[in-house]
Amino acid sequence: MSRFLENRRKGKFVWSAPWKMFLIIGLWSFFQPCLLPAQDMDKSNPETDEKTQIEAITVTAQKQEENVQEVPISISVFNDQIIEDRKIESIFDIADFVPNFTLVDFGSSGRSAPSMRGLSAPGTTLSVSTGMYVDGVPVLSVMGYDSPIVDIERVEVLRGPQGTLYGKNAQAGVINIITRQPDNEFRGKISAQGSSFLSTETGDGLGGSLTASVSGPLIEDWLFVGFSGKYMQKDGYLKNIATGDTVNDREHFYGRGHLRWTPTDQLDISLIVAYTEFDDGGTNLALTELGASKLKVPYNGDRKVASGEEFDTSTNSTQALKITYDFSDALQLTSVTSHRVYNDRKLTDFDNTQETLWYGDLDTTYEKIAQELRLNYQKGELKWLGGIFYDHDDDEGAGVKRNLSEGDSYAIYTNLTYPLLDALNVVGGLRYEYQEKDKTMYVNSIKTFEGDESWGSITPKLALEYLVSPSIMTYISAGNGFRSGGFSQATIYDEEELWSYEIGMKSSFLDNRLVVNAAAYYMDIENMQVLEALTPTTSRITNAAEATGIGFELDVTARLVGGLSVMAGFGYSHIEYDKFEDANGNYEGNMASYSPEYTFNIGAQYRHSNGFYARVDFIAYDQMYDDYANLYGRDAYQVVNAKIGYETDRFDIYLYGDNIFDEEYDIVGYSGGFYNQYSEPGEIGLQLTYRF
């Protein structure tokens with residue numbers, strides 16, 4: 001019996017050690033009294049107020065500049081300072097601090113699936129339920145979703161359906177990444193770090209990275225340029241018992257160039273080119289006892305394989321041209337043109353032995369061309385935008401089976417914020433999107449399938465926002481979202497749709513030293529895309545399920561006295577199948593895959609004027625299932641991250657620890673019980689940063 005199934009049947013609440021509970025209670029007991037002096041702070045001192053107030057953050061979540069506290073969406077925002085303080089280096093790190101957001105590792109770099117409010121896409125569709133946009137460039141597939149966070153201005157994570165403004169594959173939310181654009185200020189930063197795993201099956205467990213960025217004017221007020229890049233290397237932590245080597249070493253490279261031209265005060269043109277390369281030794285998967293028994297091969301043990309040759313490489317190249325033209329202070333035209341190519345080349349030894357019983361040799365390419373043209377109008381509380389969108393997908397998968405697919409999408413949309421009363425605004429939006437796809441399949445160069453299909457979707461949204469006071473805004477909303485239809489082998493599945501109903505509050509107290517944002521929602525999901533078993537051994541993607549989801553999110557930030565801050569986030573999401581049955585069973589009442597019921601984080605940060613800095617974060621996830629039958633998955637787990645250092649105007653030095661208690665949070669029984677997907681060990685390291 002798997003560890004996961006055994007714990008679930010025992011009803012085990014998996015705090016791996018009681019002292020972890022005591023740790024978080026102790027932290028809260030220590031920091032909570034600090035809230036009381038904050039209320040008594042001398043408000044007559046403007047300098048003290050400025051240092052303790054939480055700064056306002058401007059976002060473009062609704063494709064217009066707005067204060068995040070005035071947006072009727074459940075949203076978490078990370079500016080450059082927050083990203084640096086929390087040592088956020090990838091989307092995986094972002095997920096730890098966003099209520100009801102989980103990023104699922106598929107065992108290889110560059111390929112991961114988001115789960116927002118309990119909604120994720122079946123892995124074989126390669127689509128996502130939470131779209132990602134990097135400088136307006138759409139990433140609507142699991143391929144290349146693990147985006148590096150380098151030289152970023154901010155990251156906005158929107159929860160709930162965003163189909164009106166973002167279209168397909170944004171049914172559960174959107175991640176909006178905005179990189180830093182060059183301007184008249186010359187600036188640069190170099191950061192280096194070295195690390196070591198707290199445990200490993202073999203090898204030294206060493207790692208390191210070098211990150212650099214520089215930007216400034218080539219011609220002041222007219223032409224600007226920026227460059228950023230990162231190199232990362234990390235030893236593996238799984239042992240090949242046949243060779244004695246580690247099998248999942250990592251080596252990653254990322255680079256971006258940004259050329260910006262402002263020939264007039266009204267015109268702003270940016271050309272952005274980015275390239276990512278992943279070079280991995282292999283996956284972080286190993287056969288379970290059940291998997292070894294089914295394949296009739298020896299079981300190698302926990303975190304051990306005996307694989308033959310393996311490699312896992314991928315590249316992601318992006319080119320984007322963004323043009324904005326201001327007709328006036330109120331009216332702006334924006335164009336975003338992008339081209340993105342993701343190539344995945346891997347050789348995987350699925351039987352985990354030196355024999356060539358079951359090998360996967362894949363060479364796949366995903367190409368997308370996208371164009372968006374948008375007109376924005378904003379004057380006072382009146383805001384309007386309208387736009388058109390087009391994208392073209394050209395994908396090819398090569399192996400014994402060769403798949404060729406193409407698709408085109410066309411959309412037109414509009415969104416309006418209209419002040420009904422002094423304190424009451426109505427927000428309404430509508431989008432029409434038309435998609436067409438075709439697919440051709442070959443087996444050993446023989447055509448086995450050829451088909452095409454099209455879909456049309458209308459996605460409306462309506463919200464009311466009411467300003468209770470200058471510091472408290474409430475809202476209610478109803479919105480529609482959808483995920484693209486497609487082909488599964490030689491069959492067609494339709495779009496998945498949902499309606500979401502949400503009520504929320506954005507608020508600040510104590511002279512903007514305490515910010516509390518909360519939202520509750522109900523989701524009704526129809527035509528749910530699932531991997532339906534036709535027989536015990538064959539399956540396909542189809543629209544075979546209906547589901548209901550409820551939940552809430554809470555984000556709290558408190559700026560206390562003496563450089564001390566506390567921040568916390570909590571998410572609850574319960575999503576279960578109302579109707580789903582296939583050849584292997586009836587799953588009515590079961591939890592959806594990759595949907596932990598709670599996510600939780602609390603952190604405390606101290607920054608002194610003399611340069612001393614310290615931070616600790618406690619992060620927790622509930623158990624989640626990997627399969628519809630709820631037999632396999634990942635136990636509830638908690639990790640603690642810590643960081644301490646000394647900061648100056650130009651130079652910083654930190655000692656950090658990620659998962660300092662070396663908690664294991666493996667997915668046990670991945671892929672129908674065949675594999676364990678192993679989590680990365682805890683890590684301790686030293687980081688140096690120099691700014692110029």
# chains A, B, ... in the order shown; residues from 1 in each chain; ligands from 1
call {"tool": "residues_around", "arguments": {"residues": "Asp626 (chain A)", "least_positions_apart": "2", "cutoff": "6 Å", "atoms": "only C-alpha atoms", "output": "list in words"}}
result
Ser593, Tyr594, Tyr632 and Gly633 of chain A
call {"tool": "closest_residue", "arguments": {"among": "A:Gly485, A:Gly136, A:Gly672, A:Gly110", "to": "Tyr166 (chain A)", "atoms": "only C-alpha atoms"}}
result
A:Gly136
call {"tool": "residues_around", "arguments": {"residues": "region 212-225 of chain A", "least_positions_apart": "2", "cutoff": "9 Å", "atoms": "only C-alpha atoms", "output": "list in words"}}
result
Val150, Asp151, Gln181, Pro182, Asp183, Asn184, Glu185, Phe186, Arg187, Gly188, Lys189, Ile190, Ser191, Ala192, Leu210, Phe227, Ser228, Gly229, Lys230, Gly257, His258, Leu259, Arg260, Trp261, Thr262, Pro263, Thr264 and Phe692 of chain A
call {"tool": "residues_around", "arguments": {"residues": "Val155 (chain A)", "least_positions_apart": "6", "cutoff": "12 Å", "atoms": "only C-alpha atoms", "output": "NGL selection string"}}
result
:A and (57-61 or 75-83 or 88-91 or 93-95 or 97-98 or 132-135 or 147-149 or 174-180)
call {"tool": "select_by_dssp", "arguments": {"residues": "region 144-198 of chain A", "states": "helix (DSSP H, G or I)", "output": "NGL selection string"}}
result
:A and (163-166)
call {"tool": "write_last_selection", "arguments": {"atoms": "N, CA, C and O atoms", "output": "JSON list (two decimals), in the first residue's frame"}}
result
[["chain", "number", "residue", "atom", "x", "y", "z"],
["A", 163, "GLY", "N", -12.11, 35.16, -18.79],
["A", 163, "GLY", "CA", -12.34, 34.92, -20.20],
["A", 163, "GLY", "C", -12.68, 36.16, -20.99],
["A", 163, "GLY", "O", -12.37, 36.25, -22.19],
["A", 164, "THR", "N", -13.33, 37.15, -20.37],
["A", 164, "THR", "CA", -13.74, 38.34, -21.10],
["A", 164, "THR", "C", -12.54, 39.10, -21.67],
["A", 164, "THR", "O", -12.53, 39.49, -22.83],
["A", 165, "LEU", "N", -11.53, 39.31, -20.85],
["A", 165, "LEU", "CA", -10.36, 40.08, -21.29],
["A", 165, "LEU", "C", -9.25, 39.22, -21.84],
["A", 165, "LEU", "O", -8.46, 39.68, -22.68],
["A", 166, "TYR", "N", -9.16, 37.94, -21.39],
["A", 166, "TYR", "CA", -8.01, 37.12, -21.77],
["A", 166, "TYR", "C", -8.39, 35.91, -22.63],
["A", 166, "TYR", "O", -7.51, 35.26, -23.19]]
call {"tool": "closest_atom_pairs", "arguments": {"of": "region 426-544 of chain A", "to": "region 399-411 of chain A", "cutoff": "8 Å", "atoms": "only C-alpha atoms", "output": "Markdown table"}}
result
| residue | atom | partner | partner_atom | distance |
| --- | --- | --- | --- | --- |
| A:Arg431 | CA | A:Ala411 | CA | 6.9 |
| A:Tyr432 | CA | A:Ala411 | CA | 5.5 |
| A:Glu433 | CA | A:Ala411 | CA | 4.2 |
| A:Tyr434 | CA | A:Tyr410 | CA | 5.3 |
| A:Gln435 | CA | A:Ser409 | CA | 4.4 |
| A:Glu436 | CA | A:Asp408 | CA | 5.4 |
| A:Lys437 | CA | A:Gly407 | CA | 4.1 |
| A:Asp438 | CA | A:Glu406 | CA | 5.5 |
| A:Lys439 | CA | A:Ser405 | CA | 4.3 |
| A:Thr440 | CA | A:Leu404 | CA | 5.2 |
| A:Met441 | CA | A:Asn403 | CA | 4.7 |
| A:Tyr442 | CA | A:Arg402 | CA | 5.0 |
| A:Val443 | CA | A:Lys401 | CA | 4.6 |
| A:Asn444 | CA | A:Val400 | CA | 5.9 |
| A:Ser445 | CA | A:Arg402 | CA | 7.8 |
call {"tool": "closest_atom_pairs", "arguments": {"of": "region 75-178 of chain A", "to": "region 661-671 of chain A", "cutoff": "12 Å", "atoms": "only C-alpha atoms", "output": "tab-separated table"}}
result
residue	atom	partner	partner_atom	distance
A:Val104	CA	A:Ile667	CA	9.7
A:Asp105	CA	A:Ile667	CA	9.4
A:Phe106	CA	A:Tyr670	CA	9.4
A:Gly107	CA	A:Tyr670	CA	10.2
A:Pro122	CA	A:Ser671	CA	11.7
A:Gly123	CA	A:Ser671	CA	10.3
A:Thr124	CA	A:Ser671	CA	11.4
call {"tool": "residues_around", "arguments": {"residues": "Gln53 (chain A)", "least_positions_apart": "4", "cutoff": "10 Å", "atoms": "only C-alpha atoms", "output": "PyMOL selection string"}}
result
chain A and resi 48-49+510-515+558-560
call {"tool": "closest_residue", "arguments": {"among": "A:Leu655, A:Ala320, A:Ile446, A:Leu430", "to": "Leu462 (chain A)", "atoms": "only C-alpha atoms"}}
result
A:Leu430
call {"tool": "residues_around", "arguments": {"residues": "Gly160 (chain A)", "least_positions_apart": "4", "cutoff": "8 Å", "atoms": "only C-alpha atoms", "output": "count of residues only"}}
result
7
call {"tool": "residues_around", "arguments": {"residues": "region 346-359 of chain A", "least_positions_apart": "2", "cutoff": "9 Å", "atoms": "only C-alpha atoms", "output": "list in words"}}
result
Ala242, Gly282, Thr283, Leu285, Ala286, Leu287, Gly291, Ala292, Leu295, Val297, Pro298, Tyr299, Asn300, Lys304, Val305, Ala306, Ser307, Gly308, Glu309, Glu310, Phe311, Asp312, Thr313, Ser314, Asp344, Asp361, Leu362 and Asp363 of chain A
call {"tool": "write_last_selection", "arguments": {"atoms": "N, CA and C atoms", "output": "PDB file, in the first residue's frame"}}
result
ATOM      1  N   ALA A 242      22.588   1.322 -10.756  1.00  0.00           N
ATOM      2  CA  ALA A 242      23.390   0.559 -11.728  1.00  0.00           C
ATOM      3  C   ALA A 242      24.716   1.244 -12.033  1.00  0.00           C
ATOM      4  N   GLY A 282      17.510  13.838 -16.455  1.00  0.00           N
ATOM      5  CA  GLY A 282      16.362  12.939 -16.490  1.00  0.00           C
ATOM      6  C   GLY A 282      15.265  13.476 -15.615  1.00  0.00           C
ATOM      7  N   THR A 283      14.194  12.709 -15.476  1.00  0.00           N
ATOM      8  CA  THR A 283      13.052  13.141 -14.673  1.00  0.00           C
ATOM      9  C   THR A 283      13.295  12.823 -13.200  1.00  0.00           C
ATOM     10  N   LEU A 285      11.227  10.916 -11.496  1.00  0.00           N
ATOM     11  CA  LEU A 285      10.290   9.816 -11.306  1.00  0.00           C
ATOM     12  C   LEU A 285      11.039   8.508 -11.072  1.00  0.00           C
ATOM     13  N   ALA A 286      10.446   7.638 -10.248  1.00  0.00           N
ATOM     14  CA  ALA A 286      10.975   6.289 -10.053  1.00  0.00           C
ATOM     15  C   ALA A 286       9.798   5.343  -9.852  1.00  0.00           C
ATOM     16  N   LEU A 287       9.951   4.105 -10.300  1.00  0.00           N
ATOM     17  CA  LEU A 287       8.874   3.125 -10.201  1.00  0.00           C
ATOM     18  C   LEU A 287       8.526   2.823  -8.747  1.00  0.00           C
ATOM     19  N   GLY A 291       4.319  -0.480  -9.665  1.00  0.00           N
ATOM     20  CA  GLY A 291       4.762  -0.295 -11.043  1.00  0.00           C
ATOM     21  C   GLY A 291       5.782  -1.336 -11.461  1.00  0.00           C
ATOM     22  N   ALA A 292       6.733  -1.631 -10.561  1.00  0.00           N
ATOM     23  CA  ALA A 292       7.742  -2.644 -10.875  1.00  0.00           C
ATOM     24  C   ALA A 292       7.101  -4.016 -11.047  1.00  0.00           C
ATOM     25  N   LEU A 295       5.323  -4.205 -14.458  1.00  0.00           N
ATOM     26  CA  LEU A 295       6.252  -4.304 -15.578  1.00  0.00           C
ATOM     27  C   LEU A 295       7.172  -5.517 -15.483  1.00  0.00           C
ATOM     28  N   VAL A 297       9.727  -6.040 -13.409  1.00  0.00           N
ATOM     29  CA  VAL A 297      11.128  -5.647 -13.271  1.00  0.00           C
ATOM     30  C   VAL A 297      11.425  -5.486 -11.780  1.00  0.00           C
ATOM     31  N   PRO A 298      12.699  -5.487 -11.387  1.00  0.00           N
ATOM     32  CA  PRO A 298      13.035  -5.338  -9.965  1.00  0.00           C
ATOM     33  C   PRO A 298      12.633  -3.954  -9.444  1.00  0.00           C
ATOM     34  N   TYR A 299      12.235  -3.919  -8.178  1.00  0.00           N
ATOM     35  CA  TYR A 299      11.964  -2.646  -7.503  1.00  0.00           C
ATOM     36  C   TYR A 299      13.269  -2.115  -6.940  1.00  0.00           C
ATOM     37  N   ASN A 300      13.635  -0.895  -7.286  1.00  0.00           N
ATOM     38  CA  ASN A 300      14.959  -0.365  -6.946  1.00  0.00           C
ATOM     39  C   ASN A 300      15.029   0.288  -5.571  1.00  0.00           C
ATOM     40  N   LYS A 304      15.380   5.758  -5.983  1.00  0.00           N
ATOM     41  CA  LYS A 304      16.443   5.037  -6.696  1.00  0.00           C
ATOM     42  C   LYS A 304      15.887   4.483  -8.007  1.00  0.00           C
ATOM     43  N   VAL A 305      16.742   4.485  -9.032  1.00  0.00           N
ATOM     44  CA  VAL A 305      16.419   3.892 -10.334  1.00  0.00           C
ATOM     45  C   VAL A 305      17.625   3.076 -10.787  1.00  0.00           C
ATOM     46  N   ALA A 306      17.444   2.353 -11.898  1.00  0.00           N
ATOM     47  CA  ALA A 306      18.569   1.648 -12.526  1.00  0.00           C
ATOM     48  C   ALA A 306      18.505   1.885 -14.027  1.00  0.00           C
ATOM     49  N   SER A 307      18.143   3.107 -14.422  1.00  0.00           N
ATOM     50  CA  SER A 307      17.823   3.440 -15.801  1.00  0.00           C
ATOM     51  C   SER A 307      19.041   3.404 -16.702  1.00  0.00           C
ATOM     52  N   GLY A 308      18.741   3.217 -18.002  1.00  0.00           N
ATOM     53  CA  GLY A 308      19.755   3.380 -19.025  1.00  0.00           C
ATOM     54  C   GLY A 308      19.860   4.844 -19.405  1.00  0.00           C
ATOM     55  N   GLU A 309      20.240   5.108 -20.642  1.00  0.00           N
ATOM     56  CA  GLU A 309      20.453   6.485 -21.092  1.00  0.00           C
ATOM     57  C   GLU A 309      19.148   7.281 -21.020  1.00  0.00           C
ATOM     58  N   GLU A 310      19.243   8.498 -20.481  1.00  0.00           N
ATOM     59  CA  GLU A 310      18.105   9.416 -20.425  1.00  0.00           C
ATOM     60  C   GLU A 310      18.609  10.844 -20.645  1.00  0.00           C
ATOM     61  N   PHE A 311      17.774  11.679 -21.231  1.00  0.00           N
ATOM     62  CA  PHE A 311      18.044  13.110 -21.269  1.00  0.00           C
ATOM     63  C   PHE A 311      16.724  13.841 -21.420  1.00  0.00           C
ATOM     64  N   ASP A 312      16.724  15.083 -21.028  1.00  0.00           N
ATOM     65  CA  ASP A 312      15.507  15.898 -21.062  1.00  0.00           C
ATOM     66  C   ASP A 312      15.933  17.336 -21.352  1.00  0.00           C
ATOM     67  N   THR A 313      15.804  17.763 -22.588  1.00  0.00           N
ATOM     68  CA  THR A 313      16.213  19.110 -22.983  1.00  0.00           C
ATOM     69  C   THR A 313      15.042  19.835 -23.628  1.00  0.00           C
ATOM     70  N   SER A 314      14.998  21.126 -23.446  1.00  0.00           N
ATOM     71  CA  SER A 314      13.955  21.929 -24.076  1.00  0.00           C
ATOM     72  C   SER A 314      14.450  23.361 -24.233  1.00  0.00           C
ATOM     73  N   ASP A 344      10.711  20.545 -27.285  1.00  0.00           N
ATOM     74  CA  ASP A 344      10.954  19.607 -26.183  1.00  0.00           C
ATOM     75  C   ASP A 344      11.549  18.322 -26.766  1.00  0.00           C
ATOM     76  N   ASP A 361      10.838   8.199 -26.719  1.00  0.00           N
ATOM     77  CA  ASP A 361      11.735   9.072 -27.475  1.00  0.00           C
ATOM     78  C   ASP A 361      10.871  10.110 -28.173  1.00  0.00           C
ATOM     79  N   LEU A 362      10.882  11.348 -27.664  1.00  0.00           N
ATOM     80  CA  LEU A 362       9.970  12.369 -28.150  1.00  0.00           C
ATOM     81  C   LEU A 362      10.720  13.602 -28.637  1.00  0.00           C
ATOM     82  N   ASP A 363      10.207  14.192 -29.685  1.00  0.00           N
ATOM     83  CA  ASP A 363      10.715  15.460 -30.209  1.00  0.00           C
ATOM     84  C   ASP A 363       9.500  16.272 -30.629  1.00  0.00           C
TER      85      ASP A 363
END
call {"tool": "select_by_dssp", "arguments": {"residues": "region 567-602 of chain A", "states": "strand (DSSP E or B)", "output": "list of chain:residue names"}}
result
A:Met567, A:Ala568, A:Gly569, A:Phe570, A:Gly571, A:Tyr572, A:Ser573, A:His574, A:Ile575, A:Glu576, A:Tyr577, A:Asp578, A:Lys579, A:Glu581, A:Asp582, A:Gly585, A:Asn586, A:Met591, A:Tyr598, A:Thr599, A:Phe600, A:Asn601, A:Ile602
call {"tool": "write_last_selection", "arguments": {"atoms": "C-alpha atoms", "output": "tab-separated table (two decimals), in the first residue's frame"}}
result
chain	number	residue	atom	x	y	z
A	567	MET	CA	1.98	38.87	5.95
A	568	ALA	CA	-0.34	35.89	5.58
A	569	GLY	CA	-2.50	34.20	2.99
A	570	PHE	CA	-5.11	31.47	3.32
A	571	GLY	CA	-7.13	29.70	0.66
A	572	TYR	CA	-9.89	27.12	0.96
A	573	SER	CA	-11.15	25.30	-2.14
A	574	HIS	CA	-13.53	22.37	-2.26
A	575	ILE	CA	-14.25	21.06	-5.75
A	576	GLU	CA	-15.87	17.68	-6.32
A	577	TYR	CA	-17.43	15.77	-9.18
A	578	ASP	CA	-21.23	15.96	-9.32
A	579	LYS	CA	-21.26	13.52	-12.23
A	581	GLU	CA	-18.39	7.67	-14.41
A	582	ASP	CA	-16.25	5.55	-16.74
A	585	GLY	CA	-15.73	3.31	-11.69
A	586	ASN	CA	-18.10	6.03	-10.53
A	591	MET	CA	-12.34	15.50	-5.16
A	598	TYR	CA	-6.35	24.48	1.78
A	599	THR	CA	-3.20	26.45	1.06
A	600	PHE	CA	-1.63	28.59	3.73
A	601	ASN	CA	1.34	30.88	4.21
A	602	ILE	CA	2.46	33.21	6.98
call {"tool": "closest_residue", "arguments": {"among": "A:Leu238, A:Ile412, A:Val556, A:Ala113", "to": "Pro99 (chain A)", "atoms": "only C-alpha atoms"}}
result
A:Val556
call {"tool": "closest_residue", "arguments": {"among": "A:Gly255, A:Gly226, A:Gly244, A:Pro161", "to": "Leu271 (chain A)", "atoms": "only C-alpha atoms"}}
result
A:Gly226
call {"tool": "atom_distance", "arguments": {"atom1": "CA of Ala545 (chain A)", "atom2": "CA of Ser112 (chain A)"}}
result
23.3 Å
call {"tool": "atom_distance", "arguments": {"atom1": "CA of Thr474 (chain A)", "atom2": "CA of Trp499 (chain A)"}}
result
20.2 Å
